[in-house]
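> What follows is the file protein-v1.cif, containing mmCIF, C-alpha atoms and all ligand atoms:
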data_my_file
loop_
_atom_site.group_PDB
_atom_site.id
_atom_site.type_symbol
_atom_site.label_atom_id
_atom_site.label_comp_id
_atom_site.auth_asym_id
_atom_site.auth_seq_id
_atom_site.Cartn_x
_atom_site.Cartn_y
_atom_site.Cartn_z
ATOM 1 C CA MET A 282 10.654 114.089 120.439
ATOM 2 C CA PRO A 283 12.806 111.091 119.385
ATOM 3 C CA VAL A 284 14.613 111.625 116.088
ATOM 4 C CA ALA A 285 14.469 109.002 113.321
ATOM 5 C CA GLU A 286 17.760 107.414 112.376
ATOM 6 C CA LEU A 287 18.075 108.210 108.686
ATOM 7 C CA ILE A 288 20.160 105.596 106.900
ATOM 8 C CA ALA A 289 21.103 106.081 103.248
ATOM 9 C CA TYR A 290 21.080 102.512 101.937
ATOM 10 C CA ALA A 291 23.565 101.989 99.154
ATOM 11 C CA SER A 292 21.836 99.359 97.058
ATOM 12 C CA ARG A 293 18.454 99.168 95.415
ATOM 13 C CA GLN A 294 17.836 95.846 97.146
ATOM 14 C CA GLU A 295 18.546 97.318 100.610
ATOM 15 C CA ARG A 296 16.179 100.191 99.902
ATOM 16 C CA ALA A 297 13.404 97.750 98.961
ATOM 17 C CA GLN A 298 14.146 95.776 102.151
ATOM 18 C CA ALA A 299 13.935 98.971 104.238
ATOM 19 C CA MET A 300 10.563 99.743 102.673
ATOM 20 C CA GLU A 301 9.350 96.257 103.578
ATOM 21 C CA ARG A 302 10.720 96.389 107.158
ATOM 22 C CA ASP A 303 10.303 100.055 108.161
ATOM 23 C CA GLY A 304 7.574 101.201 105.797
ATOM 24 C CA PHE A 305 9.703 104.105 104.551
ATOM 25 C CA VAL A 306 13.044 104.795 102.928
ATOM 26 C CA TYR A 307 15.329 107.822 103.154
ATOM 27 C CA LEU A 308 16.969 109.164 99.979
ATOM 28 C CA PRO A 309 19.445 111.985 100.702
ATOM 29 C CA GLY A 310 20.310 114.756 98.258
ATOM 30 C CA VAL A 311 17.902 113.790 95.487
ATOM 31 C CA ILE A 312 17.638 117.380 94.280
ATOM 32 C CA ASN A 313 20.103 120.263 94.470
ATOM 33 C CA SER A 314 19.648 123.718 95.992
ATOM 34 C CA GLN A 315 18.705 125.282 92.653
ATOM 35 C CA GLU A 316 15.889 122.748 92.192
ATOM 36 C CA VAL A 317 14.782 123.379 95.780
ATOM 37 C CA GLN A 318 14.562 127.113 95.025
ATOM 38 C CA GLN A 319 12.662 126.517 91.757
ATOM 39 C CA LEU A 320 10.024 124.453 93.564
ATOM 40 C CA ARG A 321 9.727 126.989 96.357
ATOM 41 C CA ALA A 322 9.260 129.771 93.780
ATOM 42 C CA CYS A 323 6.512 127.777 92.020
ATOM 43 C CA SER A 324 4.765 127.265 95.327
ATOM 44 C CA TYR A 325 4.518 131.034 95.821
ATOM 45 C CA ARG A 326 3.525 131.880 92.262
ATOM 46 C CA ILE A 327 0.856 129.233 91.657
ATOM 47 C CA GLN A 328 -2.468 129.609 93.406
ATOM 48 C CA PRO A 329 -4.685 126.670 94.417
ATOM 49 C CA ALA A 330 -7.620 125.993 92.097
ATOM 50 C CA ALA A 331 -10.936 127.356 93.370
ATOM 51 C CA GLY A 332 -12.505 124.987 95.879
ATOM 52 C CA SER A 333 -9.284 123.049 96.313
ATOM 53 C CA ALA A 334 -9.599 120.397 99.033
ATOM 54 C CA TRP A 335 -7.315 120.773 102.076
ATOM 55 C CA ASP A 336 -6.304 124.338 101.159
ATOM 56 C CA SER A 337 -6.601 126.293 104.403
ATOM 57 C CA MET A 338 -3.890 128.948 104.676
ATOM 58 C CA ASP A 339 -5.288 132.197 106.044
ATOM 59 C CA ALA A 340 -4.006 135.762 105.687
ATOM 60 C CA SER A 341 -1.968 135.428 108.894
ATOM 61 C CA GLY A 342 -0.012 132.491 107.426
ATOM 62 C CA SER A 343 -1.631 129.806 109.586
ATOM 63 C CA GLY A 344 -2.769 126.576 107.957
ATOM 64 C CA ILE A 345 -1.674 124.947 104.715
ATOM 65 C CA LYS A 346 -1.534 126.130 101.106
ATOM 66 C CA THR A 347 -2.122 123.083 98.887
ATOM 67 C CA ILE A 348 -1.584 123.177 95.136
ATOM 68 C CA GLN A 349 -3.097 119.956 93.801
ATOM 69 C CA ASN A 350 -2.467 118.564 90.298
ATOM 70 C CA ALA A 351 0.914 120.331 90.407
ATOM 71 C CA PHE A 352 2.015 118.320 87.329
ATOM 72 C CA ASN A 353 -0.667 120.215 85.406
ATOM 73 C CA ARG A 354 0.268 123.700 86.600
ATOM 74 C CA ASP A 355 3.857 124.137 85.381
ATOM 75 C CA PRO A 356 6.143 122.020 83.133
ATOM 76 C CA LEU A 357 8.796 122.147 85.878
ATOM 77 C CA TYR A 358 6.860 119.468 87.742
ATOM 78 C CA LEU A 359 7.132 116.860 84.965
ATOM 79 C CA GLU A 360 10.633 115.856 86.068
ATOM 80 C CA TYR A 361 9.279 115.169 89.575
ATOM 81 C CA LEU A 362 7.161 112.335 88.158
ATOM 82 C CA ASP A 363 10.258 110.180 87.567
ATOM 83 C CA LYS A 364 13.110 111.765 89.503
ATOM 84 C CA PRO A 365 16.148 109.462 89.344
ATOM 85 C CA GLY A 366 16.720 107.969 92.776
ATOM 86 C CA VAL A 367 13.028 108.010 93.616
ATOM 87 C CA ILE A 368 11.370 106.351 90.636
ATOM 88 C CA GLU A 369 13.474 103.173 90.964
ATOM 89 C CA ILE A 370 12.254 102.323 94.470
ATOM 90 C CA VAL A 371 8.706 103.300 93.502
ATOM 91 C CA GLU A 372 8.662 101.033 90.436
ATOM 92 C CA ASP A 373 10.452 98.213 92.298
ATOM 93 C CA VAL A 374 7.703 98.193 94.946
ATOM 94 C CA LEU A 375 4.560 99.219 93.017
ATOM 95 C CA GLY A 376 5.386 97.703 89.647
ATOM 96 C CA GLU A 377 6.630 99.022 86.327
ATOM 97 C CA ASP A 378 3.098 100.007 85.328
ATOM 98 C CA CYS A 379 2.514 102.175 88.429
ATOM 99 C CA HIS A 380 1.230 105.712 88.082
ATOM 100 C CA ILE A 381 0.810 108.848 90.121
ATOM 101 C CA ILE A 382 -2.542 109.400 91.768
ATOM 102 C CA GLN A 383 -1.796 113.012 92.801
ATOM 103 C CA MET A 384 1.050 115.534 93.152
ATOM 104 C CA THR A 385 0.666 118.385 95.630
ATOM 105 C CA GLN A 386 2.792 121.335 96.611
ATOM 106 C CA TRP A 387 2.235 121.649 100.356
ATOM 107 C CA ASN A 388 3.217 124.882 102.139
ATOM 108 C CA THR A 389 2.661 124.516 105.871
ATOM 109 C CA GLY A 390 2.277 127.590 108.040
ATOM 110 C CA ARG A 391 1.758 127.672 111.788
ATOM 111 C CA ARG A 392 -0.267 124.615 112.839
ATOM 112 C CA GLU A 393 -0.831 122.086 115.609
ATOM 113 C CA ASN A 394 0.202 118.423 115.436
ATOM 114 C CA GLN A 395 -1.776 116.421 112.941
ATOM 115 C CA ALA A 396 -3.540 113.337 114.320
ATOM 116 C CA MET A 397 -1.518 110.147 113.982
ATOM 117 C CA HIS A 398 -2.907 108.435 110.871
ATOM 118 C CA THR A 399 -2.399 106.246 107.860
ATOM 119 C CA ASP A 400 -3.112 107.760 104.454
ATOM 120 C CA TRP A 401 -4.804 104.495 103.482
ATOM 121 C CA LYS A 402 -4.923 101.138 105.243
ATOM 122 C CA PRO A 403 -6.129 98.768 102.518
ATOM 123 C CA ILE A 404 -6.777 95.684 104.656
ATOM 124 C CA ARG A 405 -7.563 95.478 108.374
ATOM 125 C CA LEU A 406 -6.529 92.307 110.211
ATOM 126 C CA PRO A 407 -6.447 91.043 113.793
ATOM 127 C CA ASP A 408 -3.094 92.208 115.219
ATOM 128 C CA ASP A 409 -1.810 88.643 115.738
ATOM 129 C CA VAL A 410 -2.598 87.762 112.117
ATOM 130 C CA ALA A 411 -0.948 90.951 110.847
ATOM 131 C CA ALA A 412 2.172 90.160 112.925
ATOM 132 C CA ASP A 413 2.541 86.674 111.406
ATOM 133 C CA GLU A 414 5.678 86.658 109.227
ATOM 134 C CA ARG A 415 3.823 84.719 106.532
ATOM 135 C CA VAL A 416 1.365 87.589 106.077
ATOM 136 C CA ARG A 417 2.657 90.172 103.619
ATOM 137 C CA ILE A 418 0.405 93.035 102.585
ATOM 138 C CA PRO A 419 1.996 94.647 99.540
ATOM 139 C CA ALA A 420 2.376 98.412 99.424
ATOM 140 C CA LEU A 421 -0.322 99.727 97.081
ATOM 141 C CA ILE A 422 0.160 103.475 97.531
ATOM 142 C CA MET A 423 3.410 105.269 98.376
ATOM 143 C CA THR A 424 4.187 108.970 98.777
ATOM 144 C CA ALA A 425 7.480 110.693 98.013
ATOM 145 C CA HIS A 426 8.034 113.770 100.181
ATOM 146 C CA PHE A 427 10.549 116.170 98.643
ATOM 147 C CA TYR A 428 11.679 118.351 101.560
ATOM 148 C CA LEU A 429 12.499 121.930 100.605
ATOM 149 C CA ASP A 430 13.829 123.027 104.028
ATOM 150 C CA ASP A 431 16.473 121.900 106.467
ATOM 151 C CA MET A 432 14.118 120.405 109.018
ATOM 152 C CA TYR A 433 14.137 121.073 112.768
ATOM 153 C CA GLU A 434 11.591 120.203 115.415
ATOM 154 C CA ALA A 435 9.866 123.594 115.693
ATOM 155 C CA LEU A 436 9.249 123.720 111.912
ATOM 156 C CA GLY A 437 6.945 120.684 112.154
ATOM 157 C CA PRO A 438 8.738 117.702 110.664
ATOM 158 C CA THR A 439 6.934 114.632 109.432
ATOM 159 C CA ARG A 440 6.918 112.011 112.201
ATOM 160 C CA VAL A 441 6.793 108.303 111.551
ATOM 161 C CA ILE A 442 6.576 105.061 113.555
ATOM 162 C CA PRO A 443 8.939 102.639 111.787
ATOM 163 C CA GLY A 444 7.389 99.225 111.138
ATOM 164 C CA SER A 445 3.836 100.328 111.998
ATOM 165 C CA HIS A 446 2.506 99.294 108.576
ATOM 166 C CA ARG A 447 2.590 95.810 110.163
ATOM 167 C CA ALA A 448 -0.154 96.831 112.616
ATOM 168 C CA GLY A 449 -3.559 95.301 111.996
ATOM 169 C CA SER A 450 -5.309 98.668 111.909
ATOM 170 C CA SER A 451 -4.877 102.422 111.672
ATOM 171 C CA PRO A 452 -3.837 104.282 114.864
ATOM 172 C CA GLU A 453 -5.899 106.166 117.397
ATOM 173 C CA PRO A 454 -5.390 109.898 116.716
ATOM 174 C CA ASP A 455 -3.254 110.332 119.857
ATOM 175 C CA ALA A 456 -1.109 107.205 119.393
ATOM 176 C CA GLY A 457 2.547 107.945 120.139
ATOM 177 C CA GLN A 458 3.915 104.443 119.632
ATOM 178 C CA TRP A 459 3.239 101.046 118.138
ATOM 179 C CA ASN A 460 4.601 97.741 119.370
ATOM 180 C CA GLY A 461 7.022 99.564 121.686
ATOM 181 C CA VAL A 462 8.420 101.787 118.903
ATOM 182 C CA LYS A 463 7.909 105.526 119.512
ATOM 183 C CA GLU A 464 7.049 108.116 116.878
ATOM 184 C CA GLN A 465 10.152 109.796 115.519
ATOM 185 C CA SER A 466 10.796 113.112 113.771
ATOM 186 C CA ILE A 467 12.345 113.060 110.328
ATOM 187 C CA LEU A 468 14.965 115.787 110.561
ATOM 188 C CA CYS A 469 16.360 115.668 107.047
ATOM 189 C CA GLN A 470 17.846 118.385 104.835
ATOM 190 C CA ALA A 471 16.464 120.398 101.932
ATOM 191 C CA GLY A 472 16.727 118.239 98.795
ATOM 192 C CA ASP A 473 16.225 114.957 100.671
ATOM 193 C CA VAL A 474 13.305 112.653 99.966
ATOM 194 C CA ILE A 475 11.380 110.206 102.138
ATOM 195 C CA VAL A 476 9.232 107.617 100.367
ATOM 196 C CA PHE A 477 6.661 105.956 102.622
ATOM 197 C CA ARG A 478 3.843 103.419 102.356
ATOM 198 C CA SER A 479 0.325 104.748 102.821
ATOM 199 C CA ASP A 480 -0.246 102.327 105.707
ATOM 200 C CA VAL A 481 2.688 103.413 107.898
ATOM 201 C CA TRP A 482 1.551 105.406 110.961
ATOM 202 C CA HIS A 483 2.670 109.022 110.634
ATOM 203 C CA ARG A 484 1.719 112.656 111.113
ATOM 204 C CA GLY A 485 2.890 116.164 110.357
ATOM 205 C CA GLY A 486 4.308 117.748 113.510
ATOM 206 C CA ALA A 487 3.225 121.161 114.812
ATOM 207 C CA ASN A 488 4.828 124.145 113.093
ATOM 208 C CA ARG A 489 5.451 126.485 116.031
ATOM 209 C CA THR A 490 7.326 129.108 113.972
ATOM 210 C CA ASP A 491 6.104 131.927 111.721
ATOM 211 C CA ILE A 492 8.143 130.347 108.918
ATOM 212 C CA VAL A 493 6.458 128.361 106.160
ATOM 213 C CA ARG A 494 7.645 124.778 105.665
ATOM 214 C CA TYR A 495 7.847 123.801 101.968
ATOM 215 C CA LEU A 496 7.193 120.287 100.700
ATOM 216 C CA LEU A 497 6.353 118.607 97.406
ATOM 217 C CA GLN A 498 4.295 115.438 97.758
ATOM 218 C CA VAL A 499 4.140 112.915 94.910
ATOM 219 C CA HIS A 500 1.599 110.152 95.475
ATOM 220 C CA TYR A 501 2.201 106.924 93.540
ATOM 221 C CA ALA A 502 0.036 103.816 93.289
ATOM 222 C CA ASN A 503 -0.311 100.368 91.863
ATOM 223 C CA ARG A 504 -2.007 100.664 88.495
ATOM 224 C CA TRP A 505 -5.242 99.190 89.897
ATOM 225 C CA ILE A 506 -5.654 102.127 92.289
ATOM 226 C CA ALA A 507 -7.608 104.994 90.735
ATOM 227 C CA GLN A 508 -6.006 108.349 90.081
ATOM 228 C CA ARG A 509 -7.637 111.277 91.876
ATOM 229 C CA PHE A 510 -7.305 114.459 89.880
ATOM 230 C CA PRO A 511 -9.950 117.055 90.788
ATOM 231 C CA PRO A 512 -12.365 118.276 89.560
ATOM 232 C CA PHE A 513 -13.314 114.637 89.290
ATOM 233 C CA LEU A 514 -15.661 114.624 86.294
ATOM 234 C CA SER A 515 -14.034 117.422 84.357
ATOM 235 C CA PHE A 516 -10.257 117.263 84.942
ATOM 236 C CA GLN A 517 -8.304 118.010 81.771
ATOM 237 C CA PHE A 518 -4.614 117.787 81.081
ATOM 238 C CA ASP A 519 -2.955 120.992 79.931
ATOM 239 C CA PRO A 520 -2.001 120.130 76.307
ATOM 240 C CA GLY A 521 1.034 122.435 76.361
ATOM 241 C CA ILE A 522 2.499 120.689 79.419
ATOM 242 C CA LEU A 523 1.555 117.195 78.227
ATOM 243 C CA SER A 524 3.323 117.789 74.917
ATOM 244 C CA GLN A 525 6.605 118.130 76.862
ATOM 245 C CA ALA A 526 6.251 114.820 78.756
ATOM 246 C CA THR A 527 8.425 111.799 77.934
ATOM 247 C CA PRO A 528 6.793 108.393 77.285
ATOM 248 C CA ARG A 529 7.617 107.308 80.859
ATOM 249 C CA GLN A 530 6.179 110.516 82.291
ATOM 250 C CA ARG A 531 3.031 110.033 80.173
ATOM 251 C CA ARG A 532 2.664 106.504 81.564
ATOM 252 C CA LEU A 533 3.042 107.863 85.116
ATOM 253 C CA LEU A 534 0.294 110.355 84.254
ATOM 254 C CA GLY A 535 -1.974 107.462 83.255
ATOM 255 C CA GLU A 536 -1.214 106.507 79.638
ATOM 256 C CA HIS A 537 -1.057 102.736 80.100
ATOM 257 C CA GLN A 538 -0.690 99.680 77.922
ATOM 258 C CA PRO A 539 -4.156 98.145 77.619
ATOM 259 C CA GLY A 540 -4.945 95.504 80.257
ATOM 260 C CA PRO A 541 -8.055 93.837 81.692
ATOM 261 C CA PHE A 542 -11.159 95.986 81.132
ATOM 262 C CA ALA A 543 -9.318 98.704 79.197
HETATM 263 O O1 LIG A 601 2.933 117.517 106.761
HETATM 264 C C1 LIG A 601 3.493 116.409 106.854
HETATM 265 O O2 LIG A 601 4.682 116.273 107.130
HETATM 266 C C2 LIG A 601 2.699 115.155 106.663
HETATM 267 C C3 LIG A 601 1.355 115.411 106.047
HETATM 268 C C4 LIG A 601 0.486 114.194 106.036
HETATM 269 O O3 LIG A 601 0.857 113.142 106.441
HETATM 270 C C5 LIG A 601 -0.893 114.289 105.532
HETATM 271 O O4 LIG A 601 -1.398 115.405 105.329
HETATM 272 O O5 LIG A 601 -1.510 113.227 105.303
HETATM 273 FE FE FE A 602 -0.445 111.537 105.848
#
Render the structure in this file as structure tokens.
Ligand SMILES: O=C(O)CCC(=O)C(=O)O
Ligand SMILES: [Fe+2]


Amino acid sequence: MPVAELIAYASRQERAQAMERDGFVYLPGVINSQEVQQLRACSYRIQPAAGSAWDSMDASGSGIKTIQNAFNRDPLYLEYLDKPGVIEIVEDVLGEDCHIIQMTQWNTGRRENQAMHTDWKPIRLPDDVAADERVRIPALIMTAHFYLDDMYEALGPTRVIPGSHRAGSSPEPDAGQWNGVKEQSILCQAGDVIVFRSDVWHRGGANRTDIVRYLLQVHYANRWIAQRFPPFLSFQFDPGILSQATPRQRRLLGEHQPGPFA
């Protein structure tokens, strides 16, 4: 499998340009090994809420353990709402009133390749229209992946097709390239972060080992995109955790300045 070239851009402007051009940006060494271990420990200790969507890990260790609403399960997660190095690119692209729409600890056991997909393709266009330089679809949702392992191919890295957010549509499940660019494995190190647009073509690669791959996913969105905190009609913030949040963290959790409608 081709390996993605991971370039650590020095300036904030270059990182925003990379997001525009490639649909993702690589941020090395955002967290240290102690923080990596703390997150891994949380991912063992905390159990998914009953009926949690996507949670599928079986007793043999196959499938995925998903802890949704992680920000509401342990105060440790609050600092992952606005981690320095990540929050700047997120706010530069999505706006200073952006918020999180979900935060999920994602422990991946043995599994096959995911289908190639977008997380959300907001607007479909004819390919020639989408390719026109004058057409710019802003990023509306972006995910930060905090990798908690040194990645190698057999452990099932995330794979991405750089630039594919410029396609007019989402991929076929077996797509291996777009516009002549092949899918590429992101072989980064524990503590590194990738931030990617929801409309870039990507997939999780097969984990062919008996080792669990650890990942924290923070999903950010433009303020106009609804948050999705299950259970949908009865979600409640944990008051003890909320009382420890800074004003910026509270805004990222949804405490906004009033605007149109509310
Ligand atoms: O597991 C990964 O690396 C990617 C997961 C993903 O893209 C998804 O579940 O939507
Ligand atoms: Fe995805």

> I need the residue set behind the PyMOL selection byres (((chain A and resi 440-455) around 9) and not hetatm) for this file; please write it as a PyMOL selection string.

chain A and resi 284-285+301-305+395-399+401-402+404-412+417-418+437-439+456-460+462-467+478-486

> Kindly give the distance, in Å, that separates atom CA of A:Lys346 and atom CA of A:Gly332, rounded to a single decimal.

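Rounded to one decimal, the two atoms are 12.2 Å apart.
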
> Would you work out the distance separating atom CA of A:Ala351 from atom CA of A:Thr527, expressed in Å to one decimal?

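Computing it gives 16.9 Å between the two atoms.
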
> Can you work out which one of A:Tyr290, A:Phe352, A:Tyr495, A:Tyr325 has the shortest atom-to-atom distance to ligand LIG 601 (chain A), counting only C-alpha atoms and all ligand atoms?

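Among the listed residues, the smallest separation from ligand LIG 601 (chain A) belongs to A:Tyr495.
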
> Under the rule that all atoms listed in the file are counted, which of A:Tyr358, A:Phe477, A:Trp387, A:Phe427 is the nearest residue to A:Val306?

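Ranked by minimum distance to A:Val306, first place goes to A:Phe477.
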
> Please expand the PyMOL selection byres (((chain A and resi 311-319) around 9) and not hetatm) into the concrete residues it hits in this file, giving the result as a PDB file with C-alpha atoms, in the frame of the given file.


ATOM      1  CA  LEU A 308      16.969 109.164  99.979  1.00  0.00           C
ATOM      2  CA  PRO A 309      19.445 111.985 100.702  1.00  0.00           C
ATOM      3  CA  GLY A 310      20.310 114.756  98.258  1.00  0.00           C
ATOM      4  CA  LEU A 320      10.024 124.453  93.564  1.00  0.00           C
ATOM      5  CA  ARG A 321       9.727 126.989  96.357  1.00  0.00           C
ATOM      6  CA  ALA A 322       9.260 129.771  93.780  1.00  0.00           C
ATOM      7  CA  CYS A 323       6.512 127.777  92.020  1.00  0.00           C
ATOM      8  CA  SER A 324       4.765 127.265  95.327  1.00  0.00           C
ATOM      9  CA  LEU A 357       8.796 122.147  85.878  1.00  0.00           C
ATOM     10  CA  LYS A 364      13.110 111.765  89.503  1.00  0.00           C
ATOM     11  CA  PRO A 365      16.148 109.462  89.344  1.00  0.00           C
ATOM     12  CA  GLY A 366      16.720 107.969  92.776  1.00  0.00           C
ATOM     13  CA  VAL A 367      13.028 108.010  93.616  1.00  0.00           C
ATOM     14  CA  PHE A 427      10.549 116.170  98.643  1.00  0.00           C
ATOM     15  CA  TYR A 428      11.679 118.351 101.560  1.00  0.00           C
ATOM     16  CA  LEU A 429      12.499 121.930 100.605  1.00  0.00           C
ATOM     17  CA  ASP A 430      13.829 123.027 104.028  1.00  0.00           C
ATOM     18  CA  ALA A 471      16.464 120.398 101.932  1.00  0.00           C
ATOM     19  CA  GLY A 472      16.727 118.239  98.795  1.00  0.00           C
ATOM     20  CA  ASP A 473      16.225 114.957 100.671  1.00  0.00           C
ATOM     21  CA  VAL A 474      13.305 112.653  99.966  1.00  0.00           C
TER      22      VAL A 474
END

> Please measure the separation of atom CA of A:Thr490 and atom CA of A:Gly390, giving the value in Å to one decimal.

7.9 Å

> Restricting the calculation to only C-alpha atoms, which member of A:Leu534, A:Ala334, A:Ile288, A:Val374 is positioned closest to A:Gln508?

A:Leu534

> Which one is closest to ligand FE 602 (chain A): A:Asn394, A:Gln517, A:Gln530, A:Gln525? Count all atoms listed in the file.

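Checking each of A:Asn394, A:Gln517, A:Gln530, A:Gln525 against ligand FE 602 (chain A), counting all atoms listed in the file, the winner is A:Asn394.
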
> Take the PyMOL selection byres (((chain A and resi 511) around 9) and not hetatm), run it mentally on this structure, and tell me the resulting residues as a PDB file with C-alpha atoms, in the frame of the given file.


ATOM      1  CA  SER A 333      -9.284 123.049  96.313  1.00  0.00           C
ATOM      2  CA  ALA A 334      -9.599 120.397  99.033  1.00  0.00           C
ATOM      3  CA  GLN A 349      -3.097 119.956  93.801  1.00  0.00           C
ATOM      4  CA  ASN A 350      -2.467 118.564  90.298  1.00  0.00           C
ATOM      5  CA  ARG A 509      -7.637 111.277  91.876  1.00  0.00           C
ATOM      6  CA  PHE A 510      -7.305 114.459  89.880  1.00  0.00           C
ATOM      7  CA  PRO A 512     -12.365 118.276  89.560  1.00  0.00           C
ATOM      8  CA  PHE A 513     -13.314 114.637  89.290  1.00  0.00           C
ATOM      9  CA  LEU A 514     -15.661 114.624  86.294  1.00  0.00           C
ATOM     10  CA  SER A 515     -14.034 117.422  84.357  1.00  0.00           C
ATOM     11  CA  PHE A 516     -10.257 117.263  84.942  1.00  0.00           C
TER      12      PHE A 516
END

> Just checking: using all atoms listed in the file, which residue out of A:His426, A:Arg532, A:Arg326, A:Arg354 ends up closest to ligand FE 602 (chain A)?

A:His426

> Produce the centre coordinates and the three edge lengths, each in Å to one decimal, of the box along x, y and z that contains all listed atoms of ligand LIG 601 (chain A) with 4 Å added on each side, as AutoDock Vina command-line options.


--center_x 1.6 --center_y 115.3 --center_z 106.2 --size_x 14.2 --size_y 12.4 --size_z 9.8

> Report as JSON lines the residues of stretch 490-522 of chain A within 9 Å of stretch 376-384 of chain A, each with its shortest atom pair and distance in Å (one decimal), using all atoms listed in the file, ordered by chain and increasing residue number.


{"residue": "A:Leu497", "atom": "CA", "partner": "A:Met384", "partner_atom": "CA", "distance": 7.5}
{"residue": "A:Gln498", "atom": "CA", "partner": "A:Met384", "partner_atom": "CA", "distance": 5.6}
{"residue": "A:Val499", "atom": "CA", "partner": "A:Met384", "partner_atom": "CA", "distance": 4.4}
{"residue": "A:His500", "atom": "CA", "partner": "A:Gln383", "partner_atom": "CA", "distance": 5.2}
{"residue": "A:Tyr501", "atom": "CA", "partner": "A:Ile381", "partner_atom": "CA", "distance": 4.2}
{"residue": "A:Ala502", "atom": "CA", "partner": "A:His380", "partner_atom": "CA", "distance": 5.7}
{"residue": "A:Asn503", "atom": "CA", "partner": "A:Cys379", "partner_atom": "CA", "distance": 4.8}
{"residue": "A:Arg504", "atom": "CA", "partner": "A:Cys379", "partner_atom": "CA", "distance": 4.8}
{"residue": "A:Trp505", "atom": "CA", "partner": "A:Cys379", "partner_atom": "CA", "distance": 8.4}
{"residue": "A:Ile506", "atom": "CA", "partner": "A:Ile382", "partner_atom": "CA", "distance": 7.9}
{"residue": "A:Ala507", "atom": "CA", "partner": "A:Ile382", "partner_atom": "CA", "distance": 6.8}
{"residue": "A:Gln508", "atom": "CA", "partner": "A:Ile382", "partner_atom": "CA", "distance": 4.0}
{"residue": "A:Arg509", "atom": "CA", "partner": "A:Ile382", "partner_atom": "CA", "distance": 5.4}
{"residue": "A:Phe510", "atom": "CA", "partner": "A:Gln383", "partner_atom": "CA", "distance": 6.4}

> Determine the nearest neighbour of A:Ala340 from the options A:Ala425, A:Arg391, A:Ala289, A:Arg489, counting all atoms listed in the file.

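Ranked by minimum distance to A:Ala340, first place goes to A:Arg391.
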